[in-house]
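Novice: Below: one structure in C-alpha cells.
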Amino acid sequence: MATQRTSFEPGLAVSTIFDQIGPLQEQLAQIVVILEPIQQLSELASVFEPLREFEERIRDLAKVLAPMHNFQDQLQQVLKQFSPLETLDQELSQLCLSFRESLSQLATALEPAAALQDRLVHLCTAFEPAKALRQEFSALARIFERSSTDLPH
C-alpha cells in the first residue's frame, strides 16, 4: 500500500484560514466608500458656529423686546377704551408671530442634524472596537514577522 504524501503549502493553508473572514473584509472595504460623504458632513457642520452666533443675537433681541411684551399685555387691558390702539396691538402680535414662526422653522430645519447626531453617537459606540481590534491584529502580525537575518540564505 503506497502512502500518498501531499506537500504542505503554507500560502494555501493561510488563505484557507482567512477565507472565512473574506465577507467581513468586503464589508470593511465599504467603509472607505462611506468616508467621502462623512467628510462632506464634516464640512456641513461649519454651519453651526454662525447659527450659534445668530442665536445669541436673537437672544439679545428677545431681551430688548421683553418690555414690549409687558407693554402689549398692558395695552390689551385698555384696548376697549382706546380702540385706535388695536392696530398697534395687531402689529405687535404680528411681529411676535413672525419671529415665532421663523424660529420654529429654523428649529425644524435642525431636526435632521439632531437626528444625525443621535445616530453618530450610536455609530461611535458600534465602531468602538475597531481601534482595539486593529491594534490587536497589528500586534499579532508582528508576532509573525521575521527579520531579514532570520531568513534562510
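Order determines the names: the first chain of the C-alpha cells is A, the second B, and so forth; residues in each chain are numbered 1 upward, and ligands are numbered 1 upward as they are shown.
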Give me, as a VMD selection string, the residues of stretch 8-88 of chain A that a backbone DSSP run labels alpha helix (DSSP H).
Specialist: chain A and resid 10 to 19 22 to 44 48 to 78 86 to 88
Novice: I need the chosen residues saved as a short mmCIF file (atom, residue, chain, number, x, y, z; two decimals), in the first residue's frame, with C-alpha atoms.
Specialist:
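Here's the written file part00.cif:
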data_model
loop_
_atom_site.label_atom_id
_atom_site.label_comp_id
_atom_site.auth_asym_id
_atom_site.auth_seq_id
_atom_site.Cartn_x
_atom_site.Cartn_y
_atom_site.Cartn_z
CA PRO A 10 1.78 27.46 3.53
CA GLY A 11 0.04 30.01 1.32
CA LEU A 12 -2.91 27.70 0.78
CA ALA A 13 -3.13 26.89 4.48
CA VAL A 14 -3.17 30.54 5.47
CA SER A 15 -5.64 31.55 2.76
CA THR A 16 -7.94 28.71 3.88
CA ILE A 17 -7.85 30.11 7.42
CA PHE A 18 -8.58 33.65 6.24
CA ASP A 19 -11.23 32.69 3.66
CA GLY A 22 -13.50 37.31 3.37
CA PRO A 23 -17.08 38.59 3.56
CA LEU A 24 -16.16 40.60 6.65
CA GLN A 25 -13.23 42.19 4.83
CA GLU A 26 -15.56 43.11 1.97
CA GLN A 27 -17.86 44.83 4.46
CA LEU A 28 -14.91 46.70 5.95
CA ALA A 29 -13.90 47.83 2.44
CA GLN A 30 -17.30 49.52 2.09
CA ILE A 31 -16.32 51.87 4.90
CA VAL A 32 -13.88 53.59 2.53
CA VAL A 33 -16.79 54.42 0.21
CA ILE A 34 -18.66 55.98 3.11
CA LEU A 35 -15.75 58.19 4.19
CA GLU A 36 -16.35 60.77 1.42
CA PRO A 37 -19.94 61.54 2.45
CA ILE A 38 -18.77 61.70 6.04
CA GLN A 39 -16.18 64.29 5.00
CA GLN A 40 -18.96 66.25 3.32
CA LEU A 41 -20.98 66.07 6.55
CA SER A 42 -17.96 67.37 8.45
CA GLU A 43 -17.82 70.35 6.12
CA LEU A 44 -21.55 70.95 6.58
CA PHE A 48 -23.36 75.57 13.45
CA GLU A 49 -20.97 78.33 14.50
CA PRO A 50 -22.80 81.05 12.51
CA LEU A 51 -26.11 79.64 13.76
CA ARG A 52 -24.82 79.83 17.34
CA GLU A 53 -23.85 83.48 16.77
CA PHE A 54 -27.27 84.17 15.24
CA GLU A 55 -28.96 82.50 18.21
CA GLU A 56 -27.02 84.76 20.59
CA ARG A 57 -28.09 87.86 18.65
CA ILE A 58 -31.74 86.74 18.66
CA ARG A 59 -31.49 86.03 22.39
CA ASP A 60 -30.19 89.58 22.89
CA LEU A 61 -33.03 90.91 20.72
CA ALA A 62 -35.56 88.93 22.77
CA LYS A 63 -34.23 90.59 25.92
CA VAL A 64 -34.61 94.00 24.30
CA LEU A 65 -38.15 93.15 23.15
CA ALA A 66 -39.24 91.74 26.55
CA PRO A 67 -40.56 95.14 27.68
CA MET A 68 -42.65 95.18 24.50
CA HIS A 69 -44.48 92.07 25.76
CA ASN A 70 -45.19 93.82 29.03
CA PHE A 71 -46.40 96.86 27.10
CA GLN A 72 -48.62 94.69 24.92
CA ASP A 73 -50.11 92.97 27.99
CA GLN A 74 -50.91 96.38 29.49
CA LEU A 75 -52.20 97.65 26.16
CA GLN A 76 -54.68 94.77 25.96
CA GLN A 77 -56.24 95.94 29.19
CA VAL A 78 -57.13 99.37 27.71
CA GLU A 86 -55.91 97.97 18.24
CA THR A 87 -53.80 98.42 15.10
CA LEU A 88 -50.67 98.80 17.23
#
